[in-house]
Every structure is written in structure tokens, then in C-alpha cells.
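Here is the file structure10.tsv (TSV, C-alpha atoms).
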chain	number	residue	atom	x	y	z
A	1	MET	CA	143.01	86.74	131.56
A	2	THR	CA	140.01	86.74	129.29
A	3	THR	CA	136.73	88.04	130.62
A	4	LYS	CA	134.28	85.26	131.29
A	5	GLN	CA	130.92	85.70	129.66
A	6	THR	CA	127.81	86.10	131.75
A	7	ILE	CA	125.14	83.41	131.84
A	8	ASP	CA	122.03	84.68	130.06
A	9	PHE	CA	119.07	83.28	131.99
A	10	TYR	CA	115.76	83.62	130.16
A	11	PHE	CA	112.62	82.96	132.21
A	12	ASP	CA	108.92	83.62	132.50
A	13	LEU	CA	107.64	84.26	136.02
A	14	THR	CA	104.76	81.82	135.44
A	15	SER	CA	107.17	78.92	134.77
A	16	PRO	CA	107.58	76.60	137.77
A	17	TYR	CA	110.77	75.06	136.42
A	18	SER	CA	112.16	78.58	136.00
A	19	TYR	CA	111.39	79.23	139.68
A	20	VAL	CA	113.57	76.24	140.58
A	21	ALA	CA	116.20	77.46	138.13
A	22	ALA	CA	116.22	80.94	139.68
A	23	GLU	CA	116.95	79.37	143.06
A	24	VAL	CA	119.84	77.29	141.71
A	25	ILE	CA	121.50	79.52	139.12
A	26	GLU	CA	123.57	81.71	141.46
A	27	ASP	CA	125.29	78.68	142.94
A	28	ILE	CA	126.25	77.49	139.47
A	29	ALA	CA	127.40	80.94	138.42
A	30	ARG	CA	129.56	81.23	141.53
A	31	ALA	CA	131.09	77.80	140.93
A	32	GLY	CA	132.00	78.90	137.42
A	33	GLN	CA	133.02	82.44	138.36
A	34	ARG	CA	130.31	83.88	136.15
A	35	THR	CA	127.56	86.41	136.69
A	36	VAL	CA	123.93	85.95	135.75
A	37	ASN	CA	122.05	88.19	133.35
A	38	TYR	CA	118.38	87.89	134.34
A	39	LYS	CA	116.17	88.11	131.26
A	40	PRO	CA	112.43	88.09	131.82
A	41	THR	CA	110.35	87.11	128.82
A	42	LEU	CA	106.81	85.93	128.09
A	43	LEU	CA	106.20	82.33	127.02
A	44	GLY	CA	102.88	83.11	125.36
A	45	PHE	CA	104.68	85.01	122.61
A	46	ILE	CA	107.42	82.41	122.42
A	47	PHE	CA	104.96	79.53	121.99
A	48	LYS	CA	103.15	81.54	119.31
A	49	ALA	CA	106.37	82.29	117.45
A	50	THR	CA	107.85	78.79	117.64
A	51	GLY	CA	104.76	76.57	117.46
A	52	ASN	CA	105.73	75.01	120.77
A	53	SER	CA	103.17	74.58	123.56
A	54	ALA	CA	103.06	74.30	127.33
A	55	PRO	CA	103.32	70.81	128.87
A	56	MET	CA	99.78	71.27	130.17
A	57	MET	CA	98.42	71.20	126.60
A	58	VAL	CA	98.98	67.43	126.35
A	59	PRO	CA	96.66	65.89	128.98
A	60	ALA	CA	98.93	62.94	129.88
A	61	LYS	CA	101.90	65.30	130.11
A	62	GLY	CA	99.93	67.83	132.14
A	63	LYS	CA	98.92	65.20	134.68
A	64	TYR	CA	102.53	64.07	135.00
A	65	SER	CA	103.89	67.62	135.09
A	66	ALA	CA	101.72	68.76	137.98
A	67	ARG	CA	103.38	66.07	140.08
A	68	ASP	CA	106.80	66.58	138.54
A	69	PHE	CA	106.85	70.34	139.27
A	70	ALA	CA	106.47	69.67	142.99
A	71	ARG	CA	108.82	66.70	143.08
A	72	THR	CA	111.49	68.61	141.17
A	73	ALA	CA	111.20	71.46	143.68
A	74	ARG	CA	111.54	69.02	146.59
A	75	PHE	CA	114.52	67.38	144.86
A	76	HIS	CA	116.25	70.76	145.18
A	77	GLY	CA	115.09	71.36	148.74
A	78	LEU	CA	112.44	73.84	147.65
A	79	THR	CA	108.69	74.09	148.10
A	80	ILE	CA	105.94	74.71	145.58
A	81	ASN	CA	102.47	75.49	146.92
A	82	TRP	CA	100.49	75.18	143.76
A	83	PRO	CA	99.02	78.61	142.96
A	84	LYS	CA	95.27	79.15	142.68
A	85	GLN	CA	95.89	80.88	139.38
A	86	PHE	CA	98.09	79.18	136.75
A	87	PRO	CA	99.42	80.17	134.35
A	88	ILE	CA	99.60	83.90	134.93
A	89	ASN	CA	100.39	86.87	132.73
A	90	ALA	CA	103.71	88.14	134.05
A	91	THR	CA	103.78	91.36	132.05
A	92	THR	CA	103.50	93.77	134.99
A	93	ALA	CA	106.08	91.96	137.11
A	94	SER	CA	108.45	91.62	134.15
A	95	ARG	CA	108.27	95.35	133.50
A	96	ALA	CA	109.16	95.95	137.14
A	97	ILE	CA	112.22	93.72	136.76
A	98	LEU	CA	113.36	95.65	133.68
A	99	LYS	CA	112.84	98.93	135.53
A	100	LEU	CA	114.95	97.73	138.45
A	101	ALA	CA	117.65	96.60	136.02
A	102	GLU	CA	118.06	100.23	134.95
A	103	THR	CA	118.78	101.54	138.41
A	104	SER	CA	119.93	98.63	140.59
A	105	PRO	CA	121.07	95.75	138.39
A	106	SER	CA	122.68	93.97	141.33
A	107	GLN	CA	119.26	93.52	142.96
A	108	VAL	CA	117.53	92.01	139.96
A	109	GLY	CA	118.30	88.43	140.93
A	110	ASP	CA	116.92	88.79	144.43
A	111	PHE	CA	113.84	90.63	143.16
A	112	THR	CA	113.22	87.87	140.63
A	113	ARG	CA	113.47	85.24	143.36
A	114	ALA	CA	111.20	87.28	145.64
A	115	LEU	CA	108.57	87.40	142.88
A	116	TYR	CA	108.86	83.64	142.29
A	117	ARG	CA	108.53	82.88	146.01
A	118	ALA	CA	105.59	85.24	146.34
A	119	TYR	CA	103.83	83.37	143.56
A	120	PHE	CA	104.91	79.75	144.02
A	121	VAL	CA	105.40	79.59	147.78
A	122	GLN	CA	103.34	82.31	149.47
A	123	GLY	CA	100.37	82.28	147.11
A	124	GLN	CA	100.49	86.00	146.39
A	125	ASP	CA	99.11	87.61	143.27
A	126	ILE	CA	102.03	89.04	141.30
A	127	THR	CA	100.02	89.98	138.21
A	128	THR	CA	98.86	93.40	139.45
A	129	GLU	CA	100.69	96.64	140.22
A	130	ASP	CA	99.64	96.29	143.86
A	131	GLY	CA	100.96	92.75	143.96
A	132	VAL	CA	104.30	93.74	142.44
A	133	LYS	CA	104.57	96.74	144.78
A	134	ALA	CA	104.01	94.50	147.82
A	135	VAL	CA	106.86	92.16	146.83
A	136	ALA	CA	109.20	95.06	146.10
A	137	ASP	CA	108.35	96.96	149.28
A	138	ALA	CA	108.92	93.86	151.40
A	139	MET	CA	112.46	93.75	149.97
A	140	GLY	CA	113.05	97.40	150.79
A	141	LEU	CA	112.84	98.49	147.16
A	142	ASP	CA	110.75	101.38	145.87
A	143	GLY	CA	107.63	99.38	145.12
A	144	THR	CA	105.64	102.35	143.93
A	145	ALA	CA	108.20	103.24	141.29
A	146	LEU	CA	108.67	99.64	140.14
A	147	ALA	CA	104.93	99.03	139.85
A	148	ALA	CA	104.56	102.28	137.93
A	149	ALA	CA	106.88	100.87	135.26
A	150	ASN	CA	103.77	99.06	134.06
A	151	ASN	CA	102.69	102.32	132.44
A	152	ASP	CA	106.12	103.50	131.32
A	153	GLU	CA	106.31	103.52	127.51
A	154	ALA	CA	110.08	103.06	127.46
A	155	ILE	CA	109.83	100.01	129.73
A	156	LYS	CA	106.95	98.60	127.74
A	157	ALA	CA	109.13	98.87	124.64
A	158	ALA	CA	112.02	97.29	126.54
A	159	LEU	CA	109.88	94.25	127.43
A	160	ARG	CA	108.73	93.89	123.84
A	161	ALA	CA	112.39	93.98	122.78
A	162	ALA	CA	113.30	91.45	125.47
A	163	VAL	CA	110.62	89.04	124.26
A	164	GLN	CA	111.78	89.45	120.68
A	165	GLU	CA	115.38	88.86	121.73
A	166	SER	CA	114.43	85.63	123.48
A	167	ILE	CA	112.66	84.43	120.33
A	168	ASP	CA	115.58	85.49	118.14
A	169	VAL	CA	118.10	83.67	120.32
A	170	GLY	CA	116.19	80.42	119.69
A	171	MET	CA	114.25	80.03	122.94
A	172	PHE	CA	111.19	77.77	122.70
A	173	GLY	CA	110.58	76.93	126.37
A	174	ALA	CA	111.67	78.07	129.84
A	175	PRO	CA	114.06	78.25	131.52
A	176	TYR	CA	116.62	78.81	128.76
A	177	PHE	CA	120.30	79.59	129.23
A	178	VAL	CA	123.01	80.83	126.89
A	179	VAL	CA	126.66	81.02	127.85
A	180	ASP	CA	129.70	81.16	125.56
A	181	GLY	CA	127.27	80.69	122.66
A	182	GLU	CA	126.09	77.35	124.07
A	183	HIS	CA	122.37	76.87	124.70
A	184	PHE	CA	120.75	74.92	127.54
A	185	TRP	CA	117.01	74.41	127.75
A	186	GLY	CA	115.30	73.32	130.92
A	187	GLN	CA	116.01	73.31	134.61
A	188	ASP	CA	117.13	69.71	134.10
A	189	ARG	CA	120.05	70.84	131.95
A	190	MET	CA	121.57	72.89	134.75
A	191	GLU	CA	124.03	70.16	135.72
A	192	GLN	CA	125.31	70.27	132.15
A	193	LEU	CA	125.46	74.06	132.43
A	194	ARG	CA	127.38	73.66	135.68
A	195	ARG	CA	129.94	71.38	134.10
A	196	TRP	CA	130.25	73.79	131.17
A	197	VAL	CA	131.07	76.82	133.32
A	198	VAL	CA	133.18	74.94	135.88
A	199	GLU	CA	135.16	72.50	133.70
A	200	GLY	CA	134.72	74.06	130.28
A	201	PRO	CA	133.14	72.97	127.03
A	202	PHE	CA	132.41	69.26	126.56
B	1	MET	CA	111.58	42.09	154.41
B	2	THR	CA	109.28	43.37	151.72
B	3	THR	CA	110.12	42.64	148.11
B	4	LYS	CA	111.36	45.69	146.29
B	5	GLN	CA	109.50	46.46	143.10
B	6	THR	CA	111.25	46.38	139.76
B	7	ILE	CA	111.87	49.54	137.77
B	8	ASP	CA	109.67	49.50	134.68
B	9	PHE	CA	111.73	51.11	131.91
B	10	TYR	CA	109.69	52.00	128.82
B	11	PHE	CA	111.67	52.93	125.72
B	12	ASP	CA	111.60	53.15	121.94
B	13	LEU	CA	114.77	52.06	120.15
B	14	THR	CA	114.65	55.21	118.00
B	15	SER	CA	114.83	57.50	121.04
B	16	PRO	CA	118.33	58.93	121.64
B	17	TYR	CA	117.57	59.91	125.23
B	18	SER	CA	116.39	56.33	125.83
B	19	TYR	CA	119.74	55.09	124.53
B	20	VAL	CA	121.46	57.17	127.21
B	21	ALA	CA	118.94	55.92	129.76
B	22	ALA	CA	119.59	52.30	128.82
B	23	GLU	CA	123.28	52.84	129.50
B	24	VAL	CA	122.65	54.40	132.93
B	25	ILE	CA	119.67	52.47	134.32
B	26	GLU	CA	121.50	49.38	135.59
B	27	ASP	CA	123.77	51.48	137.77
B	28	ILE	CA	120.75	53.15	139.35
B	29	ALA	CA	118.95	49.85	139.81
B	30	ARG	CA	122.00	48.34	141.47
B	31	ALA	CA	122.33	51.32	143.80
B	32	GLY	CA	118.72	50.87	144.84
B	33	GLN	CA	118.82	47.06	144.92
B	34	ARG	CA	116.19	46.87	142.22
B	35	THR	CA	115.94	45.05	138.92
B	36	VAL	CA	114.97	46.57	135.60
B	37	ASN	CA	112.00	45.46	133.56
B	38	TYR	CA	112.83	46.41	129.95
B	39	LYS	CA	109.67	47.43	128.10
B	40	PRO	CA	110.03	48.24	124.42
B	41	THR	CA	107.25	50.34	122.95
B	42	LEU	CA	106.64	52.48	119.86
B	43	LEU	CA	106.45	56.26	120.19
B	44	GLY	CA	104.46	56.70	116.98
B	45	PHE	CA	101.44	55.09	118.62
B	46	ILE	CA	102.03	56.93	121.88
B	47	PHE	CA	102.17	60.33	120.18
B	48	LYS	CA	99.01	59.47	118.27
B	49	ALA	CA	97.18	58.40	121.44
B	50	THR	CA	98.30	61.31	123.62
B	51	GLY	CA	98.49	64.19	121.15
B	52	ASN	CA	102.14	64.68	122.08
B	53	SER	CA	104.80	65.07	119.38
B	54	ALA	CA	108.50	64.52	118.90
B	55	PRO	CA	110.86	67.41	119.78
B	56	MET	CA	111.83	67.53	116.10
B	57	MET	CA	108.32	68.74	115.20
B	58	VAL	CA	109.01	72.22	116.60
B	59	PRO	CA	111.82	73.66	114.43
B	60	ALA	CA	113.53	75.68	117.19
B	61	LYS	CA	113.33	72.68	119.52
B	62	GLY	CA	114.57	70.33	116.81
B	63	LYS	CA	117.60	72.48	116.15
B	64	TYR	CA	118.39	72.61	119.85
B	65	SER	CA	117.70	68.90	120.36
B	66	ALA	CA	120.11	67.72	117.70
B	67	ARG	CA	122.90	69.37	119.68
B	68	ASP	CA	121.45	68.40	123.04
B	69	PHE	CA	121.26	64.68	122.15
B	70	ALA	CA	125.00	64.57	121.53
B	71	ARG	CA	125.94	66.78	124.48
B	72	THR	CA	123.78	64.74	126.84
B	73	ALA	CA	125.48	61.57	125.64
B	74	ARG	CA	128.91	63.14	126.20
B	75	PHE	CA	127.81	64.34	129.65
B	76	HIS	CA	127.37	60.67	130.53
B	77	GLY	CA	130.62	59.59	128.89
B	78	LEU	CA	128.82	58.14	125.87
B	79	THR	CA	128.99	58.72	122.14
B	80	ILE	CA	126.26	59.37	119.61
B	81	ASN	CA	127.18	59.18	115.94
B	82	TRP	CA	124.08	60.68	114.44
B	83	PRO	CA	122.39	57.95	112.33
B	84	LYS	CA	121.80	58.39	108.62
B	85	GLN	CA	118.19	57.37	109.18
B	86	PHE	CA	116.21	59.03	111.98
B	87	PRO	CA	113.71	58.31	113.32
B	88	ILE	CA	113.39	54.60	112.60
B	89	ASN	CA	110.56	52.12	112.94
B	90	ALA	CA	111.71	49.84	115.74
B	91	THR	CA	108.99	47.21	115.29
B	92	THR	CA	111.24	44.35	114.15
B	93	ALA	CA	113.87	44.96	116.83
B	94	SER	CA	111.20	45.35	119.52
B	95	ARG	CA	109.65	42.03	118.59
B	96	ALA	CA	113.09	40.42	118.91
B	97	ILE	CA	113.43	41.87	122.42
B	98	LEU	CA	110.04	40.48	123.41
B	99	LYS	CA	111.00	37.09	121.98
B	100	LEU	CA	114.24	37.05	123.98
B	101	ALA	CA	112.31	38.02	127.11
B	102	GLU	CA	110.38	34.73	126.82
B	103	THR	CA	113.46	32.54	126.82
B	104	SER	CA	116.33	34.51	128.35
B	105	PRO	CA	114.98	37.45	130.35
B	106	SER	CA	118.35	38.08	131.98
B	107	GLN	CA	119.85	38.95	128.58
B	108	VAL	CA	117.22	41.47	127.57
B	109	GLY	CA	119.07	44.45	129.04
B	110	ASP	CA	122.31	43.65	127.23
B	111	PHE	CA	120.47	42.96	123.97
B	112	THR	CA	118.65	46.28	124.27
B	113	ARG	CA	121.96	48.09	124.80
B	114	ALA	CA	123.54	46.21	121.90
B	115	LEU	CA	120.70	47.34	119.62
B	116	TYR	CA	121.06	50.96	120.80
B	117	ARG	CA	124.83	50.93	120.25
B	118	ALA	CA	124.42	49.34	116.84
B	119	TYR	CA	122.07	52.16	115.85
B	120	PHE	CA	123.48	55.22	117.65
B	121	VAL	CA	127.18	54.39	117.76
B	122	GLN	CA	128.04	51.94	114.97
B	123	GLY	CA	125.59	53.23	112.37
B	124	GLN	CA	124.01	49.83	111.72
B	125	ASP	CA	120.50	49.36	110.38
B	126	ILE	CA	118.41	47.74	113.10
B	127	THR	CA	115.08	48.04	111.28
B	128	THR	CA	115.40	44.82	109.27
B	129	GLU	CA	115.44	41.15	110.20
B	130	ASP	CA	119.00	40.90	108.87
B	131	GLY	CA	120.02	43.90	110.95
B	132	VAL	CA	118.51	42.50	114.12
B	133	LYS	CA	120.05	39.08	113.45
B	134	ALA	CA	123.50	40.65	113.08
B	135	VAL	CA	123.27	42.38	116.46
B	136	ALA	CA	121.97	39.23	118.17
B	137	ASP	CA	124.55	36.94	116.55
B	138	ALA	CA	127.38	39.25	117.58
B	139	MET	CA	126.23	38.81	121.19
B	140	GLY	CA	126.15	35.04	120.88
B	141	LEU	CA	122.36	34.88	120.82
B	142	ASP	CA	120.31	32.94	118.28
B	143	GLY	CA	119.87	35.77	115.80
B	144	THR	CA	117.92	33.72	113.33
B	145	ALA	CA	115.26	32.84	115.92
B	146	LEU	CA	115.05	36.39	117.29
B	147	ALA	CA	114.74	37.94	113.82
B	148	ALA	CA	112.05	35.39	112.96
B	149	ALA	CA	109.94	36.78	115.81
B	150	ASN	CA	109.06	39.51	113.33
B	151	ASN	CA	106.64	37.05	111.73
B	152	ASP	CA	105.43	35.32	114.91
B	153	GLU	CA	101.76	36.12	115.51
B	154	ALA	CA	102.01	35.66	119.27
B	155	ILE	CA	104.95	38.08	119.46
B	156	LYS	CA	103.23	40.57	117.20
B	157	ALA	CA	100.26	40.48	119.59
B	158	ALA	CA	102.64	40.84	122.54
B	159	LEU	CA	104.14	44.02	121.05
B	160	ARG	CA	100.68	45.47	120.40
B	161	ALA	CA	99.83	44.72	124.03
B	162	ALA	CA	103.11	46.29	125.21
B	163	VAL	CA	102.39	49.47	123.27
B	164	GLN	CA	98.87	49.60	124.70
B	165	GLU	CA	100.22	49.05	128.21
B	166	SER	CA	102.66	51.92	127.82
B	167	ILE	CA	99.80	54.20	126.73
B	168	ASP	CA	97.57	52.99	129.55
B	169	VAL	CA	100.27	53.60	132.16
B	170	GLY	CA	100.34	57.27	131.11
B	171	MET	CA	103.48	57.37	128.97
B	172	PHE	CA	103.64	60.30	126.55
B	173	GLY	CA	107.37	60.43	125.75
B	174	ALA	CA	110.51	58.31	126.16
B	175	PRO	CA	112.22	57.17	128.24
B	176	TYR	CA	109.55	56.64	130.89
B	177	PHE	CA	110.01	54.91	134.23
B	178	VAL	CA	107.59	53.60	136.83
B	179	VAL	CA	108.67	52.32	140.23
B	180	ASP	CA	106.57	51.96	143.38
B	181	GLY	CA	103.75	53.65	141.45
B	182	GLU	CA	105.87	56.78	140.92
B	183	HIS	CA	106.41	57.98	137.35
B	184	PHE	CA	109.54	59.58	135.90
B	185	TRP	CA	109.67	60.92	132.36
B	186	GLY	CA	112.91	61.66	130.61
B	187	GLN	CA	116.51	60.67	130.88
B	188	ASP	CA	116.96	63.92	132.83
B	189	ARG	CA	114.76	62.60	135.65
B	190	MET	CA	117.06	59.68	136.35
B	191	GLU	CA	118.81	61.44	139.25
B	192	GLN	CA	115.37	61.83	140.86
B	193	LEU	CA	114.74	58.15	140.13
B	194	ARG	CA	118.09	57.32	141.71
B	195	ARG	CA	117.23	59.21	144.89
B	196	TRP	CA	113.83	57.51	144.95
B	197	VAL	CA	115.22	53.97	144.83
B	198	VAL	CA	118.27	54.66	147.01
B	199	GLU	CA	116.86	56.96	149.73
B	200	GLY	CA	113.13	56.34	149.34
B	201	PRO	CA	110.16	58.52	148.40
B	202	PHE	CA	110.59	62.29	148.58
Do you think you could lay out the structure here as C-alpha cells?
Amino acid sequence: MTTKQTIDFYFDLTSPYSYVAAEVIEDIARAGQRTVNYKPTLLGFIFKATGNSAPMMVPAKGKYSARDFARTARFHGLTINWPKQFPINATTASRAILKLAETSPSQVGDFTRALYRAYFVQGQDITTEDGVKAVADAMGLDGTALAAANNDEAIKAALRAAVQESIDVGMFGAPYFVVDGEHFWGQDRMEQLRRWVVEGPF
Amino acid sequence: MTTKQTIDFYFDLTSPYSYVAAEVIEDIARAGQRTVNYKPTLLGFIFKATGNSAPMMVPAKGKYSARDFARTARFHGLTINWPKQFPINATTASRAILKLAETSPSQVGDFTRALYRAYFVQGQDITTEDGVKAVADAMGLDGTALAAANNDEAIKAALRAAVQESIDVGMFGAPYFVVDGEHFWGQDRMEQLRRWVVEGPF
């Protein structure tokens, strides 16, 4: 039996569609007997590198998107309470995720979802070390250590490398998935991703 | 019993995702006991008015999209044979659709699909009067009359008005749908559109 490749899931914690994706991806992975490789990245650098821009930069698209974010969440049985601050810089939280990946990789998915819910549902600030610590502590993780990753040179380098990897792989927007060499962009491509991992290439 | 509103379906004949949408929309409308109002428009003017741009304008997105167009078609059991010429100016074909809408509105959907298949499946040129005539004639329509709409001042004005309407409604990309005042952008929002017309607002 050949080993099935993991699903690489690239996301930015400020991306509302990636929040929805984070809530749905484990179900798809399970259906396809795959595991998920959670890969935080930062869209600001990706937009700069690719010349792409956030939906909000086109006024008509921004107006539509604000409504579409919430409707897409509801479509999946989820809630978005639109955050006071948007977009955010997810550097600190992303470093905490990479730190956790070193010691407890199996908890990275749940920590990622806890950060998304803190930001998009509970209205918490996840941009600061205190904010990241609060989310981690509430999960029973070592919040102090994970928040401290914000000042850890090795982790800072790891995040820079992760951002560069996401650019190199071809990512231009979030969420972005790669499995078996096939690329899927957007939460709305997850049903195609599902068919791919469950039924095979099409 | 209140009258159910039609689904306004805005499309450009050069848009591959709109081709897929045109093939799927009648099934959704039927499921929701709605009818479809086919509304040709021209993305060039929409991009100019909104500041939006085609996916192909961002190289990384363009590279992805070329593959995604075809995969999305396959996902829906359809074929795309990538046209020699892309994008195309759909002015002549759009005028023919508007002309047909005056005399035989019930055939507009099938004519729209015939034009899409001619372009995206059979590799025909639908930018010329001869090309439009060929598609119409093959359907048993009066191709000569429909192609002649290209030089009909009233129809030319009607297309200008249709483009302006699509901009005014808030359209910034194709396909774009409006039903019951709710807006859906993208072929990938059609499952949300389906739930909307079948189960009601969510």
C-alpha cells in the first residue's frame, strides 16, 4: 500500500475564508484518509510577491465580500462576528503555531481553529502575545511558552521560510491547498479537493 | 401565493466559469421553481468601471486558473477544450442574444449554451456575424436575422444599457447572480444559490 500524501493547507489567520476552511478540512481529510499539514503564512507578503490583492481593494468586490464571508460561514453552519479590527497582522499567532508544531504537532489543528474562533467568533485580539497566550492557555497549552515564540529567532526564521515556501509553491490567495501535486485555491474549491482525495484524480 | 422572482444571471460569453454556470443554472432554477433571466454583459467594461481585473492578470493566478477552469468543468461533468483565442470580444454574440430575447425569450437559454459550447467545446469562432449565424442556424433559429442584430442601432443601445445595468447592480466579475435582492458571485457560489432558492434565505 502506498503512503497517501498529506494535504498541505496554507492559510493566514486574518483570512475569513481560511477560517471556514480550517473548520471543514479535517472532515475532508478523514473522508480521504489523509492528514492535514497546517501551514500558516502571511498574505501581505504573498500579495506583494504575486501582484494579487485582497478582495477588499476593489470597492464593489469588498461590499459583496463582507456579506459573502458571513453567508459562506452560515452555509457551513458556522458563525462570523465581524471583528472590530480587520485585517490583522497574524505574525505573533503564526509564530506560536510554528512553535507548537515543534513540540506537539497533533495539536496544531485545534490550536489553529481556536485562534480563528477567538478572532472571528469571540472578538478576541489575537495579534498580541497576551492575546495568543489567552487562546493557548484556554486550550490547556503552555501559553507563556507559545507567546514567547514571538521573540525566538529560530521561530522567526521558520516563519520567514514558511512564507517564502507558500510563495514558491504558487500561492496567491488564501486558503490554498496542495495534495498529490494538485493545487486548490479557495474555500470554495474544497468540494473538488474532497472528490480528489476520496475518489482520486479527475 | 406570491410570485417567485426570477434568477438574474449575468454573464460574458468569454468567461469559462460562466460557461459552466450556464450549464448548471437551469437545474437550480427548476429545483427552486424559478426561471432564469439571461443577461449578457461585457467584462471589459465592468473591469474598467470597478477597477477589478481578470484572473489572468496576476501571473500566479493565471497559471492556476488555466488548470482550474478545466478541472471545474470536469467536476461538473463538462468539457473545456481551451480555445485558440482567449479572451474574446463577445459583442456580436451578445447582440444576437438580446435580439432573440425580443422575439423568442424562451430560446435564449439554449442559444446562450449553444454559443458557449461552440466556443469552449467545439472551438468555433463566435466573435463574427458568420460565426454567430452558424451557431443560430444549427439550432434552427434565423441566424441571418440574429447576426444582423450586430448592426441594429436599437440592439446596440440595448447592449450598452445591459452593460450599464450589470455595473449598476454591483457586478464586478462573472458569473453574477441576483435573486430576491441577494447577490451571488462566481460559479462556485451556485450551491449557496441553490440552497437560497430551494430552502429560502439563510
Considering all atoms listed in the file, extract the chain B residues located within 7 Å of chain A and return them as an mmCIF file with C-alpha atoms, in the frame of the given file.
data_model
loop_
_atom_site.group_PDB
_atom_site.id
_atom_site.type_symbol
_atom_site.label_atom_id
_atom_site.label_comp_id
_atom_site.auth_asym_id
_atom_site.auth_seq_id
_atom_site.Cartn_x
_atom_site.Cartn_y
_atom_site.Cartn_z
ATOM 1 C CA THR B 50 98.300 61.310 123.620
ATOM 2 C CA GLY B 51 98.490 64.190 121.150
ATOM 3 C CA ASN B 52 102.140 64.680 122.080
ATOM 4 C CA VAL B 58 109.010 72.220 116.600
ATOM 5 C CA ALA B 60 113.530 75.680 117.190
ATOM 6 C CA LYS B 61 113.330 72.680 119.520
ATOM 7 C CA PHE B 75 127.810 64.340 129.650
ATOM 8 C CA GLY B 170 100.340 57.270 131.110
ATOM 9 C CA PHE B 172 103.640 60.300 126.550
ATOM 10 C CA ASP B 188 116.960 63.920 132.830
ATOM 11 C CA GLN B 192 115.370 61.830 140.860
#
Applying 8 Å and all atoms listed in the file, which residues near Asn89 in chain B remain after dropping the ones on its own chain fewer than 3 positions away? List them as a compact mmCIF listing (two decimals) with C-alpha atoms, in the coordinates of the input.
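Okay, this is what ended up in result31.txt:
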# COMPACT_ATOMS: atom_id res chain seq x y z
CA THR B 14 114.65 55.21 118.00
CA LEU B 42 106.64 52.48 119.86
CA THR B 92 111.24 44.35 114.15
CA THR B 127 115.08 48.04 111.28
- Query: Do you have the CA of Glu23 in chain A-CA of Val178 in chain B distance handy?
  - Reply: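 Interatomic distance here is 28.1 Å.
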- Extract, using only C-alpha atoms, all DNA, RNA and protein residues at most 7 Å from Val198 in chain A, discarding same-chain residues fewer than 3 positions from it, and format them as number ranges by chain. A: 31-32, 194-195
Using all atoms listed in the file, what table do you get, as a Markdown table, when you list each residue of range 4-97 of chain B with an atom no more than 8 Å from range 106-116 of chain B, its nearest pair of atoms, and their distance in Å rounded to one decimal, rows by chain then rising number?
| residue | atom | partner | partner_atom | distance |
| --- | --- | --- | --- | --- |
| B:Leu13 | CA | B:Tyr116 | CA | 6.4 |
| B:Tyr19 | CA | B:Tyr116 | CA | 5.7 |
| B:Ala22 | CA | B:Arg113 | CA | 6.3 |
| B:Glu23 | CA | B:Arg113 | CA | 6.8 |
| B:Tyr38 | CA | B:Gly109 | CA | 6.6 |
| B:Ala93 | CA | B:Leu115 | CA | 7.8 |
| B:Ile97 | CA | B:Val108 | CA | 6.4 |
- Quick one: residues within 8 Å of Arg95 in chain B, all atoms listed in the file counted, chain neighbours fewer than 5 positions away excluded, as a ChimeraX atom specification? /B:146,149-150,155-156,159
- Message: As an exercise, work out the distance from CA of Gly77 in chain B to CA of Ile28 in chain B in Å and give it to one decimal place.
- Response: 15.8 Å
- Query: Using all atoms listed in the file, which of A:Gln5, A:Asp12, A:Ala90, A:Ala148 sits nearest Ile46 in chain A?
  - Reply: A:Asp12
- Task: One decimal, Å: what's the distance from CA of Gly181 in chain A over to CA of Asp8 in chain A, could you say?
- Result: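 Interatomic distance here is 9.9 Å.
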